[in-house]
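Below is the file coords_31.txt, which contains compact mmCIF, C-alpha atoms.
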```
# COMPACT_ATOMS: atom_id res chain seq x y z
CA MET A 148 -5.45 56.54 -27.77
CA SER A 149 -8.38 57.88 -25.78
CA ASP A 150 -10.10 59.31 -28.90
CA ARG A 151 -10.66 55.76 -30.18
CA PRO A 152 -14.39 55.00 -29.93
CA VAL A 153 -15.25 52.91 -26.90
CA ILE A 154 -17.53 50.72 -28.96
CA LYS A 155 -14.63 49.59 -31.15
CA ILE A 156 -12.48 48.70 -28.16
CA GLY A 157 -15.42 46.81 -26.67
CA MET A 158 -15.90 44.89 -29.91
CA THR A 159 -12.22 43.91 -29.97
CA LEU A 160 -12.44 42.64 -26.43
CA ALA A 161 -15.63 40.72 -27.20
CA LEU A 162 -14.13 39.17 -30.32
CA ILE A 163 -11.02 37.98 -28.51
CA ALA A 164 -13.17 36.65 -25.65
CA ALA A 165 -15.23 34.69 -28.20
CA VAL A 166 -12.11 33.24 -29.85
CA CYS A 167 -10.67 32.21 -26.48
CA THR A 168 -13.95 30.63 -25.43
CA ALA A 169 -14.05 28.68 -28.68
CA LEU A 170 -10.51 27.46 -28.03
CA VAL A 171 -11.39 26.19 -24.55
CA ALA A 172 -14.67 24.67 -25.73
CA GLY A 173 -12.88 22.86 -28.55
CA THR A 174 -10.25 21.44 -26.23
CA TYR A 175 -12.95 20.37 -23.80
CA GLN A 176 -14.78 18.52 -26.57
CA LEU A 177 -11.56 16.73 -27.54
CA THR A 178 -10.61 15.71 -24.01
CA ALA A 179 -13.93 15.22 -22.17
CA ASP A 180 -14.32 11.51 -22.90
CA ARG A 181 -10.75 10.68 -21.96
CA ILE A 182 -10.98 12.65 -18.73
CA VAL A 183 -14.15 10.83 -17.66
CA ALA A 184 -12.54 7.48 -18.53
CA ASN A 185 -9.39 8.39 -16.57
CA LYS A 186 -11.38 9.37 -13.50
CA LYS A 187 -13.26 6.07 -13.62
CA ALA A 188 -10.10 4.03 -14.11
CA LEU A 189 -8.46 5.82 -11.20
CA LEU A 190 -11.40 5.11 -8.92
CA GLU A 191 -11.53 1.43 -9.91
CA GLN A 192 -7.80 1.19 -9.35
CA SER A 193 -8.10 2.66 -5.86
CA LEU A 194 -10.86 0.19 -4.96
CA GLN A 195 -8.95 -2.85 -6.17
CA PRO A 196 -6.69 -3.46 -3.11
CA ALA A 197 -9.70 -3.96 -0.85
CA LEU A 198 -10.99 -6.74 -3.10
CA ALA A 199 -7.87 -8.88 -3.09
CA GLY A 200 -8.28 -12.45 -4.28
CA LEU A 201 -11.72 -11.93 -5.74
CA SER A 202 -12.75 -12.16 -9.37
CA TYR A 203 -15.52 -9.81 -10.33
CA ASP A 204 -17.11 -7.92 -13.22
CA SER A 205 -15.57 -4.60 -14.20
CA GLY A 206 -17.46 -1.39 -13.59
CA VAL A 207 -17.52 -1.57 -9.80
CA SER A 208 -17.55 2.22 -9.61
CA GLU A 209 -20.86 2.29 -11.49
CA SER A 210 -22.67 0.46 -8.70
CA ARG A 211 -22.22 3.33 -6.29
CA LEU A 212 -24.68 3.75 -3.46
CA VAL A 213 -24.41 6.86 -1.30
CA LEU A 214 -26.09 6.92 2.08
CA GLN A 215 -26.52 10.43 3.40
CA PRO A 216 -26.55 10.82 7.19
CA PRO A 217 -28.30 9.85 9.32
CA HIS A 218 -27.55 6.21 8.50
CA GLU A 219 -26.68 3.21 10.64
CA LEU A 220 -23.12 2.92 9.37
CA PRO A 221 -20.23 4.42 11.36
CA GLY A 222 -19.52 8.11 10.92
CA ASN A 223 -21.77 11.11 10.57
CA ASP A 224 -20.89 11.95 6.97
CA ALA A 225 -21.98 10.29 3.74
CA ALA A 226 -21.16 6.59 3.53
CA VAL A 227 -20.41 5.17 0.10
CA ILE A 228 -21.08 1.55 -0.84
CA TYR A 229 -19.98 -0.12 -4.07
CA ARG A 230 -21.75 -3.34 -4.97
CA VAL A 231 -19.48 -5.94 -6.58
CA PHE A 232 -20.91 -8.55 -8.92
CA ALA A 233 -19.55 -11.58 -10.75
CA ALA A 234 -21.69 -12.75 -13.65
CA GLU A 235 -24.48 -10.52 -12.31
CA LYS A 236 -24.50 -12.28 -8.96
CA PRO A 237 -23.56 -10.22 -5.90
CA VAL A 238 -20.18 -11.36 -4.56
CA ALA A 239 -18.96 -8.54 -2.35
CA ALA A 240 -19.50 -4.99 -1.18
CA LEU A 241 -17.07 -2.14 -0.63
CA PHE A 242 -17.68 0.40 2.10
CA ALA A 243 -16.09 3.82 2.40
CA VAL A 244 -16.93 4.85 5.95
CA THR A 245 -15.54 7.21 8.56
CA ALA A 246 -14.20 6.44 12.03
CA ARG A 247 -14.75 9.54 14.12
CA ASP A 248 -12.70 8.49 17.14
CA GLY A 249 -9.17 8.61 15.73
CA PHE A 250 -6.38 10.29 17.63
CA SER A 251 -6.61 13.46 15.56
CA GLY A 252 -9.72 13.85 13.51
CA SER A 253 -11.59 11.26 11.54
CA ILE A 254 -10.19 8.30 9.61
CA ARG A 255 -11.75 7.36 6.28
CA VAL A 256 -11.62 3.60 5.82
CA LEU A 257 -12.25 1.45 2.74
CA LEU A 258 -13.48 -2.03 3.61
CA GLY A 259 -14.22 -4.92 1.26
CA VAL A 260 -16.61 -7.64 2.44
CA GLU A 261 -17.46 -10.83 0.64
CA PHE A 262 -21.12 -11.78 0.34
CA ASP A 263 -20.72 -14.31 3.18
CA GLY A 264 -19.27 -11.62 5.48
CA THR A 265 -15.55 -12.38 5.09
CA VAL A 266 -13.28 -9.34 4.92
CA THR A 267 -11.34 -9.15 1.63
CA GLY A 268 -9.26 -6.16 2.57
CA VAL A 269 -9.08 -2.93 4.54
CA ARG A 270 -7.34 0.23 3.36
CA ILE A 271 -7.05 3.68 4.91
CA LEU A 272 -8.25 6.34 2.49
CA GLN A 273 -7.58 9.42 4.56
CA HIS A 274 -6.31 10.20 8.05
CA ARG A 275 -4.41 12.74 10.11
CA GLU A 276 -2.87 10.40 12.69
CA THR A 277 0.55 11.05 14.16
CA PRO A 278 3.38 10.50 11.66
CA GLY A 279 5.58 7.62 12.82
CA LEU A 280 2.98 6.23 15.23
CA GLY A 281 -0.68 6.15 14.19
CA ASP A 282 0.11 6.46 10.50
CA LYS A 283 1.28 2.84 10.52
CA ILE A 284 -2.34 1.96 9.74
CA GLU A 285 -1.47 2.86 6.13
CA SER A 286 -0.76 -0.24 4.07
CA ALA A 287 2.33 1.48 2.65
CA ARG A 288 3.86 1.96 6.11
CA SER A 289 3.23 -1.31 7.90
CA ASP A 290 1.45 -4.65 7.60
CA TRP A 291 -0.91 -3.82 10.43
CA VAL A 292 -3.99 -3.34 8.28
CA PHE A 293 -3.53 -6.75 6.60
CA GLN A 294 -4.54 -8.62 9.77
CA PHE A 295 -8.18 -7.94 8.92
CA ASN A 296 -7.88 -10.07 5.77
CA ARG A 297 -10.18 -13.13 5.79
CA ARG A 298 -11.63 -12.18 9.19
CA ALA A 299 -15.39 -12.13 9.79
CA LEU A 300 -17.87 -11.27 12.51
CA GLY A 301 -17.55 -14.66 14.25
CA ASP A 302 -13.79 -14.79 13.69
CA PRO A 303 -12.80 -13.58 16.20
CA VAL A 304 -15.89 -13.57 18.38
CA ALA A 305 -17.26 -10.22 19.53
CA THR A 306 -14.85 -9.73 22.44
CA GLY A 307 -11.89 -10.46 20.18
CA TRP A 308 -12.49 -7.34 18.08
CA ALA A 309 -10.03 -5.28 20.08
CA ILE A 310 -6.29 -4.84 20.41
CA LYS A 311 -4.37 -7.38 22.51
CA ARG A 312 -3.85 -4.89 25.30
CA ASP A 313 -7.65 -4.69 25.65
CA GLY A 314 -7.96 -8.48 25.59
CA GLY A 315 -8.67 -8.75 21.89
CA GLU A 316 -6.99 -10.58 19.04
CA PHE A 317 -5.55 -7.74 17.01
CA ASP A 318 -1.98 -6.44 17.21
CA GLN A 319 -1.53 -2.98 18.57
CA LEU A 320 0.82 -0.39 17.13
CA SER A 321 3.72 0.52 19.37
CA GLY A 322 3.03 3.92 20.84
CA ALA A 323 -0.48 4.20 19.44
CA SER A 324 -3.57 2.50 20.76
CA VAL A 325 -6.28 5.06 20.03
CA THR A 326 -5.81 4.77 16.28
CA PRO A 327 -5.99 0.93 16.06
CA ARG A 328 -9.00 0.89 18.38
CA ALA A 329 -10.82 3.32 16.10
CA VAL A 330 -10.05 1.29 12.97
CA ILE A 331 -11.01 -2.05 14.57
CA LYS A 332 -14.26 -0.56 15.77
CA VAL A 333 -15.21 0.90 12.41
CA VAL A 334 -14.47 -2.42 10.66
CA ARG A 335 -16.53 -4.37 13.21
CA ASP A 336 -19.46 -1.95 13.07
CA THR A 337 -19.49 -2.02 9.29
CA LEU A 338 -19.51 -5.84 9.32
CA ILE A 339 -22.46 -5.76 11.74
CA TYR A 340 -24.29 -3.39 9.40
CA PHE A 341 -23.52 -5.59 6.39
CA ASP A 342 -24.81 -8.64 8.24
CA ALA A 343 -28.10 -6.93 9.02
CA HIS A 344 -28.68 -5.13 5.71
CA ARG A 345 -27.06 -7.38 3.11
CA ASP A 346 -30.06 -7.98 0.86
CA GLU A 347 -31.15 -4.36 1.10
CA ILE A 348 -27.68 -3.16 0.03
CA PHE A 349 -27.73 -5.18 -3.17
CA SER A 350 -31.28 -4.23 -4.12
CA LEU A 351 -31.11 -0.44 -3.73
CA PRO A 352 -30.75 1.57 -6.95
CA THR A 353 -27.46 3.23 -7.87
CA THR A 354 -27.03 6.79 -6.65
CA GLU A 355 -26.75 9.20 -9.56
CA GLU A 356 -23.63 11.35 -9.73
CA ASP A 357 -24.37 14.94 -8.94
CA GLU A 358 -21.78 16.90 -10.86
CA MET B 91 15.27 45.14 -26.50
CA SER B 92 16.33 43.83 -29.90
CA SER B 93 14.45 40.98 -31.49
CA GLY B 94 17.66 39.34 -32.74
CA GLY B 95 17.99 35.92 -34.33
CA PHE B 96 16.26 32.76 -33.17
CA ILE B 97 19.39 31.29 -31.56
CA GLU B 98 20.16 34.55 -29.86
CA ARG B 99 16.64 34.70 -28.37
CA LEU B 100 16.95 31.14 -27.13
CA GLN B 101 20.23 31.95 -25.43
CA THR B 102 18.72 35.02 -23.82
CA GLY B 103 15.91 32.98 -22.31
CA LEU B 104 18.01 30.01 -21.33
CA TRP B 105 20.84 31.95 -19.76
CA ALA B 106 21.28 35.72 -19.94
CA GLU B 107 17.73 36.63 -18.90
CA ASN B 108 16.54 33.29 -17.51
CA PRO B 109 13.13 34.02 -15.94
CA GLY B 110 13.91 32.03 -12.81
CA LEU B 111 17.61 32.65 -12.32
CA VAL B 112 17.88 36.28 -13.36
CA GLN B 113 14.41 37.80 -13.33
CA LEU B 114 13.32 35.66 -10.33
CA LEU B 115 9.81 35.35 -11.78
CA GLY B 116 7.39 32.50 -11.18
CA LEU B 117 8.98 31.48 -7.91
CA CYS B 118 5.80 30.03 -6.42
CA PRO B 119 5.60 27.02 -8.80
CA LEU B 120 9.38 26.91 -9.03
CA LEU B 121 9.74 26.35 -5.31
CA ALA B 122 6.62 24.30 -4.73
CA VAL B 123 6.68 21.53 -7.32
CA THR B 124 10.38 20.84 -7.68
CA THR B 125 10.49 17.92 -5.26
CA THR B 126 11.36 15.49 -8.07
CA PHE B 127 12.83 15.72 -11.54
CA VAL B 128 9.64 14.40 -13.13
CA ASN B 129 7.48 17.02 -11.41
CA GLY B 130 9.85 19.74 -12.58
CA LEU B 131 9.79 18.40 -16.12
CA GLY B 132 5.97 18.21 -16.14
CA LEU B 133 5.38 21.74 -14.93
CA GLY B 134 8.27 23.02 -17.03
CA VAL B 135 6.80 21.62 -20.24
CA ALA B 136 3.33 22.93 -19.34
CA THR B 137 4.73 26.42 -18.71
CA LEU B 138 6.77 26.27 -21.92
CA LEU B 139 3.62 25.38 -23.89
CA VAL B 140 1.55 28.18 -22.37
CA LEU B 141 4.31 30.75 -22.72
CA THR B 142 5.00 29.95 -26.37
CA CYS B 143 1.32 29.96 -27.35
CA SER B 144 0.52 33.09 -25.36
CA ASN B 145 3.46 34.94 -26.91
CA ALA B 146 2.31 33.85 -30.37
CA LEU B 147 -1.31 34.91 -29.77
CA VAL B 148 -0.45 38.23 -28.13
CA SER B 149 1.99 39.02 -30.92
CA ALA B 150 -0.48 38.05 -33.65
CA THR B 151 -3.19 40.27 -32.18
CA ARG B 152 -0.92 43.12 -31.11
CA ARG B 153 -2.26 45.49 -33.79
CA TRP B 154 -5.75 45.37 -32.24
CA ILE B 155 -4.71 45.32 -28.61
CA THR B 156 -4.90 48.89 -27.47
CA GLN B 157 -3.38 50.31 -24.34
CA GLU B 158 -6.69 50.37 -22.43
CA ILE B 159 -7.66 46.73 -22.87
CA ARG B 160 -4.30 45.01 -23.06
CA ILE B 161 -4.35 43.58 -19.52
CA PRO B 162 -7.81 41.93 -19.79
CA ILE B 163 -6.79 40.51 -23.16
CA TYR B 164 -3.56 39.04 -21.77
CA VAL B 165 -5.54 37.54 -18.91
CA LEU B 166 -8.11 36.09 -21.30
CA ILE B 167 -5.51 34.57 -23.60
CA ILE B 168 -3.34 33.16 -20.82
CA ALA B 169 -6.28 31.81 -18.79
CA SER B 170 -7.74 30.08 -21.88
CA LEU B 171 -4.41 28.51 -22.78
CA VAL B 172 -3.83 27.29 -19.23
CA THR B 173 -7.31 25.76 -19.16
CA CYS B 174 -6.53 23.96 -22.42
CA VAL B 175 -3.20 22.68 -21.10
CA GLU B 176 -4.89 21.52 -17.89
CA LEU B 177 -7.52 19.59 -19.88
CA ILE B 178 -4.81 18.03 -22.04
CA PHE B 179 -2.84 16.95 -18.95
CA LYS B 180 -5.98 15.50 -17.36
CA ALA B 181 -6.72 13.56 -20.54
CA TRP B 182 -3.27 12.23 -21.40
CA PHE B 183 -1.15 12.49 -18.24
CA PRO B 184 -3.67 11.96 -15.41
CA THR B 185 -1.15 10.79 -12.80
CA LEU B 186 1.17 13.70 -13.51
CA ASP B 187 -1.82 16.02 -13.29
CA ARG B 188 -2.63 14.71 -9.83
CA SER B 189 0.98 14.99 -8.75
CA LEU B 190 1.24 18.63 -9.85
CA GLY B 191 -2.24 19.35 -8.52
CA ILE B 192 -3.20 22.98 -8.24
CA PHE B 193 0.04 24.16 -9.86
CA ILE B 194 -1.17 23.46 -13.39
CA PRO B 195 -4.13 25.90 -13.11
CA LEU B 196 -1.84 28.25 -11.18
CA ILE B 197 0.33 28.70 -14.28
CA VAL B 198 -2.14 31.53 -14.90
CA THR B 199 -0.54 33.46 -12.09
CA ASN B 200 3.04 32.84 -13.25
CA CYS B 201 4.15 36.42 -13.71
CA ALA B 202 6.85 35.31 -16.15
CA ILE B 203 4.11 34.72 -18.73
CA VAL B 204 2.31 38.05 -18.48
CA ALA B 205 5.71 39.74 -18.27
CA ARG B 206 6.79 38.29 -21.62
CA ALA B 207 3.44 39.27 -23.16
CA GLU B 208 3.80 42.85 -21.97
CA VAL B 209 7.54 43.33 -22.44
CA PHE B 210 8.20 41.34 -25.59
CA ALA B 211 5.31 39.80 -27.52
CA SER B 212 3.20 42.98 -27.67
CA ARG B 213 6.07 44.81 -29.40
CA ASN B 214 7.61 42.18 -31.69
CA PRO B 215 6.59 40.08 -34.71
CA VAL B 216 5.18 36.57 -34.27
CA GLY B 217 8.38 34.73 -35.19
CA ALA B 218 10.53 36.55 -32.68
CA SER B 219 7.81 36.24 -30.02
CA VAL B 220 7.59 32.48 -30.50
CA ALA B 221 11.39 32.26 -30.23
CA ASP B 222 11.24 34.34 -27.08
CA GLY B 223 8.49 32.09 -25.65
CA ILE B 224 10.46 28.94 -26.41
CA GLY B 225 13.65 30.44 -24.99
CA MET B 226 12.09 31.78 -21.81
CA GLY B 227 9.92 28.68 -21.36
CA ALA B 228 12.86 26.36 -21.89
CA GLY B 229 14.94 28.43 -19.50
CA PHE B 230 12.26 28.13 -16.85
CA ALA B 231 11.72 24.41 -17.54
CA MET B 232 15.44 23.76 -17.41
CA LEU B 233 15.71 25.43 -14.03
CA LEU B 234 12.71 23.43 -12.73
CA MET B 235 14.36 20.20 -13.88
CA VAL B 236 17.76 21.06 -12.44
CA ILE B 237 16.32 22.02 -9.06
CA GLY B 238 13.94 19.03 -9.14
CA ALA B 239 16.80 16.62 -9.91
CA PHE B 240 19.00 18.20 -7.24
CA ARG B 241 16.35 18.05 -4.52
CA GLU B 242 15.43 14.49 -5.46
CA LEU B 243 19.07 13.37 -5.42
CA VAL B 244 19.86 15.01 -2.10
CA GLY B 245 16.50 14.49 -0.41
CA GLN B 246 15.53 11.00 -1.56
CA ALA B 247 18.84 9.68 -2.86
CA SER B 248 17.12 8.65 -6.08
CA ILE B 249 16.55 10.01 -9.58
CA LEU B 250 13.79 9.76 -12.18
CA SER B 251 11.26 8.42 -9.66
CA ARG B 252 7.72 8.19 -11.06
CA LEU B 253 8.96 8.55 -14.63
CA ASP B 254 5.90 6.43 -15.46
CA MET B 255 3.77 9.54 -14.96
CA ILE B 256 5.11 10.78 -18.30
CA THR B 257 5.85 7.58 -20.18
CA GLY B 258 2.91 5.55 -18.87
CA GLY B 259 3.15 1.91 -17.89
CA GLU B 260 4.00 0.35 -14.55
CA PRO B 261 4.80 2.56 -11.55
CA PHE B 262 8.55 3.20 -11.57
CA SER B 263 10.22 4.22 -8.33
CA GLY B 264 13.40 5.51 -9.94
CA PHE B 265 17.06 4.68 -9.56
CA SER B 266 17.87 4.64 -5.88
CA PHE B 267 21.34 5.12 -4.39
CA ALA B 268 20.63 4.92 -0.67
CA ASP B 269 17.78 4.19 1.70
CA SER B 270 17.16 7.78 2.61
CA GLY B 271 18.51 11.21 1.87
CA LEU B 272 18.71 14.55 3.56
CA LEU B 273 15.05 15.26 4.27
CA LEU B 274 15.64 19.01 4.37
CA ALA B 275 16.06 19.12 0.60
CA ILE B 276 12.48 17.91 0.06
CA LEU B 277 11.00 20.33 2.59
CA PRO B 278 10.14 23.92 1.57
CA PRO B 279 13.39 25.43 2.97
CA GLY B 280 15.31 23.04 0.71
CA ALA B 281 13.65 24.69 -2.29
CA PHE B 282 15.01 28.08 -1.25
CA PHE B 283 18.49 26.69 -0.59
CA SER B 284 18.50 24.95 -3.99
CA LEU B 285 17.40 28.08 -5.83
CA ALA B 286 20.04 30.14 -4.01
CA LEU B 287 22.70 27.61 -5.00
CA ALA B 288 21.53 27.71 -8.63
CA VAL B 289 21.59 31.53 -8.75
CA ALA B 290 25.02 31.58 -7.10
CA LEU B 291 26.36 29.01 -9.55
CA LYS B 292 25.06 31.00 -12.52
CA ASN B 293 26.61 34.22 -11.23
CA HIS B 294 29.88 32.42 -10.57
CA ILE B 295 30.02 31.07 -14.12
CA ASP B 296 29.24 34.52 -15.55
CA TYR B 297 31.96 36.04 -13.37
CA LYS B 298 34.57 33.50 -14.47
CA ARG B 299 33.65 34.10 -18.09
CA ARG B 300 34.02 37.84 -17.73
CA ILE B 301 37.41 37.43 -16.09
CA SER B 302 38.72 35.17 -18.86
CA ARG B 303 37.30 37.45 -21.56
CA ASN B 304 38.94 40.44 -19.97
CA ALA B 305 42.25 38.62 -19.65
CA SER B 306 42.36 37.87 -23.37
CA MET B 307 41.69 41.49 -24.30
CA PRO B 308 44.29 44.22 -24.74
CA SER B 309 44.65 46.05 -21.47
CA ASN B 310 43.28 49.35 -22.75
CA LEU B 311 39.90 47.69 -23.63
CA ARG B 312 39.40 45.76 -20.40
CA GLN B 313 36.19 46.32 -18.54
CA THR B 314 36.62 47.54 -15.06
CA ARG B 315 33.06 47.14 -13.79
CA LYS B 316 32.35 44.76 -10.93
```
Represent the supplied structure as structure tokens.
Amino acid sequence: MSDRPVIKIGMTLALIAAVCTALVAGTYQLTADRIVANKKALLEQSLQPALAGLSYDSGVSESRLVLQPPHELPGNDAAVIYRVFAAEKPVAALFAVTARDGFSGSIRVLLGVEFDGTVTGVRILQHRETPGLGDKIESARSDWVFQFNRRALGDPVATGWAIKRDGGEFDQLSGASVTPRAVIKVVRDTLIYFDAHRDEIFSLPTTEEDE
Amino acid sequence: MSSGGFIERLQTGLWAENPGLVQLLGLCPLLAVTTTFVNGLGLGVATLLVLTCSNALVSATRRWITQEIRIPIYVLIIASLVTCVELIFKAWFPTLDRSLGIFIPLIVTNCAIVARAEVFASRNPVGASVADGIGMGAGFAMLLMVIGAFRELVGQASILSRLDMITGGEPFSGFSFADSGLLLAILPPGAFFSLALAVALKNHIDYKRRISRNASMPSNLRQTRK
């Protein structure tokens, strides 16, 4: 075997590499459009629950606005805002923001706010809270997160944005008070930000995807 | 190793030399994804596809694959095929792709595939290699499905949950028999227990068969081994 010229072996390897590359490139060409469409559909689907009861134009994910830290929203990582329109008029905004004061690590929260400041829905995107206690903030595990629906900055008034044990209006979770406090705070702070920056949010240009 | 007929090759892969049950190859995906029947089916079909195609390609190019470069060529062929399968899953079965996660790209590292390329496809004609790929792939897929179904039944007391990941349509939570199952079956140790049960069952069946075959033979031809 070893008397076979190296150059011939190298050529064989190169040829097979070229054929394999062509195979992958061809498959990529065939699937690329579908994959992009799937990713978009998945994102839109995951945003939907926070916009309950609202009719709006499709393509919410295309109105993405990414605020790199430092910004005035909660959390010290990038905050993502989706602008929601109906017949080209702004109707709501979706915020993906981070609460840093959870019981274990940060909690990523998705919050939908109508143009007039009413909450359309809150969902927990990511968390590492205690299973069986703090994880009841997930919509799949308990109804806790639904009590934000239709609330707004003045409803309840500022002191009411706390759990009942702290004199507020929101239910606590049995055995967990740090987690609900963190979520209530991040929702309230985001609403305050929305109130102050509403027009700016809807006028900023879409952030390009960097892939 | 004889190339044999198509049916014979299928039987070898499905039973006599089943990559999971007998050769104990590819245990990482086998143990990790088999939490439900649908997951097992998804990864099983993906592995079957890659194994059949890689056997066909390795066999078709075996005249040019010399001793020195055979490993890089196997890696090239298998990695390209896995990438293609991953793209196809992402395009047509996106929810299944997310459920299986990293284990689709990790088919590359399934030693059952490179083992078949080295042991069988590089020494046999294309037809026999394809039969071997289908047999071995189906054997592996079958085991994934059996263990997936078993763990789902015991662990979640349901079957066919998330079948929509393959068929499309509305989310389907499966046929449920009870509120909860034995959690252990879903956890990683449950995977080891299930595989051990499957291997034991296979050995038991083989043993029974040997006994009954021996019993029907004249006494001077009976095998005495084991």
So how far away is CA of Val204 (chain B) from CA of Ala164 (chain A), in Å?
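CA of Val204 (chain B) lies at a distance of 17.1 Å from CA of Ala164 (chain A).
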Find the residues of chain B that sit at most 6 Å from chain A; for each, write down the nearest two atoms and how far apart they are in Å, to one decimal. Count all atoms listed in the file. Sort by chain, then by number going up, and give it as JSON lines.
```
{"residue": "B:Ser170", "atom": "CA", "partner": "A:Cys167", "partner_atom": "CA", "distance": 5.9}
{"residue": "B:Cys174", "atom": "CA", "partner": "A:Val171", "partner_atom": "CA", "distance": 5.8}
{"residue": "B:Lys180", "atom": "CA", "partner": "A:Ile182", "partner_atom": "CA", "distance": 5.9}
{"residue": "B:Ala181", "atom": "CA", "partner": "A:Ile182", "partner_atom": "CA", "distance": 4.7}
```
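The spacing separating CA of Leu138 (chain B) from CA of Arg252 (chain B) amounts to 21.1 Å.
When only C-alpha atoms are used to compute distances to Asp346 (chain A), the closest of the residues A:Val238, A:Ile284, A:Ala197, A:Val333 turns out to be A:Val238.
The point (-7.5, 1.8, 21.6) has these residues within 12 Å of it, counting all atoms listed in the file: A:Asp248, A:Gly249, A:Phe250, A:Gly281, A:Trp308, A:Ala309, A:Ile310, A:Lys311, A:Arg312, A:Asp313, A:Gly314, A:Gly315, A:Phe317, A:Asp318, A:Gln319, A:Leu320, A:Ser321, A:Gly322, A:Ala323, A:Ser324, A:Val325, A:Thr326, A:Pro327, A:Arg328, A:Ala329, A:Val330, A:Ile331, A:Lys332.
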I'd like the neighbourhood of Ala233 (chain A) as a PyMOL selection string, where a residue qualifies if any of its atoms comes within 6 Å (using all atoms listed in the file), though same-chain residues fewer than 3 positions away should be ignored.
chain A and resi 203-204+236
Using only C-alpha atoms, find the one residue out of B:Met226, B:Ser263, B:Cys118, B:Arg99 that sits nearest to Leu250 (chain B).
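Ranked by minimum distance to Leu250 (chain B), first place goes to B:Ser263.
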Can you patch up region 343-356 of chain A, filling it in to N, CA and C atoms, and show the result as a PDB file, in the coordinates of the input?
```
ATOM      1  N   ALA A 343     -26.686  -7.222   8.811  1.00  0.00           N
ATOM      2  CA  ALA A 343     -28.100  -6.930   9.020  1.00  0.00           C
ATOM      3  C   ALA A 343     -28.793  -6.429   7.750  1.00  0.00           C
ATOM      4  N   HIS A 344     -28.045  -5.796   6.859  1.00  0.00           N
ATOM      5  CA  HIS A 344     -28.680  -5.130   5.710  1.00  0.00           C
ATOM      6  C   HIS A 344     -28.231  -5.682   4.368  1.00  0.00           C
ATOM      7  N   ARG A 345     -27.689  -6.891   4.330  1.00  0.00           N
ATOM      8  CA  ARG A 345     -27.060  -7.380   3.110  1.00  0.00           C
ATOM      9  C   ARG A 345     -27.988  -7.346   1.895  1.00  0.00           C
ATOM     10  N   ASP A 346     -29.173  -7.901   2.027  1.00  0.00           N
ATOM     11  CA  ASP A 346     -30.060  -7.980   0.860  1.00  0.00           C
ATOM     12  C   ASP A 346     -30.511  -6.593   0.413  1.00  0.00           C
ATOM     13  N   GLU A 347     -30.730  -5.731   1.402  1.00  0.00           N
ATOM     14  CA  GLU A 347     -31.150  -4.360   1.100  1.00  0.00           C
ATOM     15  C   GLU A 347     -30.056  -3.633   0.291  1.00  0.00           C
ATOM     16  N   ILE A 348     -28.791  -3.834   0.702  1.00  0.00           N
ATOM     17  CA  ILE A 348     -27.680  -3.160   0.030  1.00  0.00           C
ATOM     18  C   ILE A 348     -27.649  -3.493  -1.454  1.00  0.00           C
ATOM     19  N   PHE A 349     -27.865  -4.774  -1.774  1.00  0.00           N
ATOM     20  CA  PHE A 349     -27.730  -5.180  -3.170  1.00  0.00           C
ATOM     21  C   PHE A 349     -28.961  -4.871  -3.997  1.00  0.00           C
ATOM     22  N   SER A 350     -30.078  -4.487  -3.342  1.00  0.00           N
ATOM     23  CA  SER A 350     -31.280  -4.230  -4.120  1.00  0.00           C
ATOM     24  C   SER A 350     -31.533  -2.731  -4.344  1.00  0.00           C
ATOM     25  N   LEU A 351     -30.871  -1.870  -3.581  1.00  0.00           N
ATOM     26  CA  LEU A 351     -31.110  -0.440  -3.730  1.00  0.00           C
ATOM     27  C   LEU A 351     -30.562   0.061  -5.068  1.00  0.00           C
ATOM     28  N   PRO A 352     -31.225   1.051  -5.667  1.00  0.00           N
ATOM     29  CA  PRO A 352     -30.750   1.570  -6.950  1.00  0.00           C
ATOM     30  C   PRO A 352     -29.474   2.397  -6.789  1.00  0.00           C
ATOM     31  N   THR A 353     -28.704   2.458  -7.871  1.00  0.00           N
ATOM     32  CA  THR A 353     -27.460   3.230  -7.870  1.00  0.00           C
ATOM     33  C   THR A 353     -27.746   4.710  -7.660  1.00  0.00           C
ATOM     34  N   THR A 354     -26.901   5.351  -6.862  1.00  0.00           N
ATOM     35  CA  THR A 354     -27.030   6.790  -6.650  1.00  0.00           C
ATOM     36  C   THR A 354     -26.447   7.533  -7.840  1.00  0.00           C
ATOM     37  N   GLU A 355     -27.243   8.449  -8.391  1.00  0.00           N
ATOM     38  CA  GLU A 355     -26.750   9.200  -9.560  1.00  0.00           C
ATOM     39  C   GLU A 355     -25.634  10.150  -9.125  1.00  0.00           C
ATOM     40  N   GLU A 356     -24.682  10.361 -10.022  1.00  0.00           N
ATOM     41  CA  GLU A 356     -23.630  11.350  -9.730  1.00  0.00           C
ATOM     42  C   GLU A 356     -24.234  12.737  -9.810  1.00  0.00           C
TER      43      GLU A 356
END
```
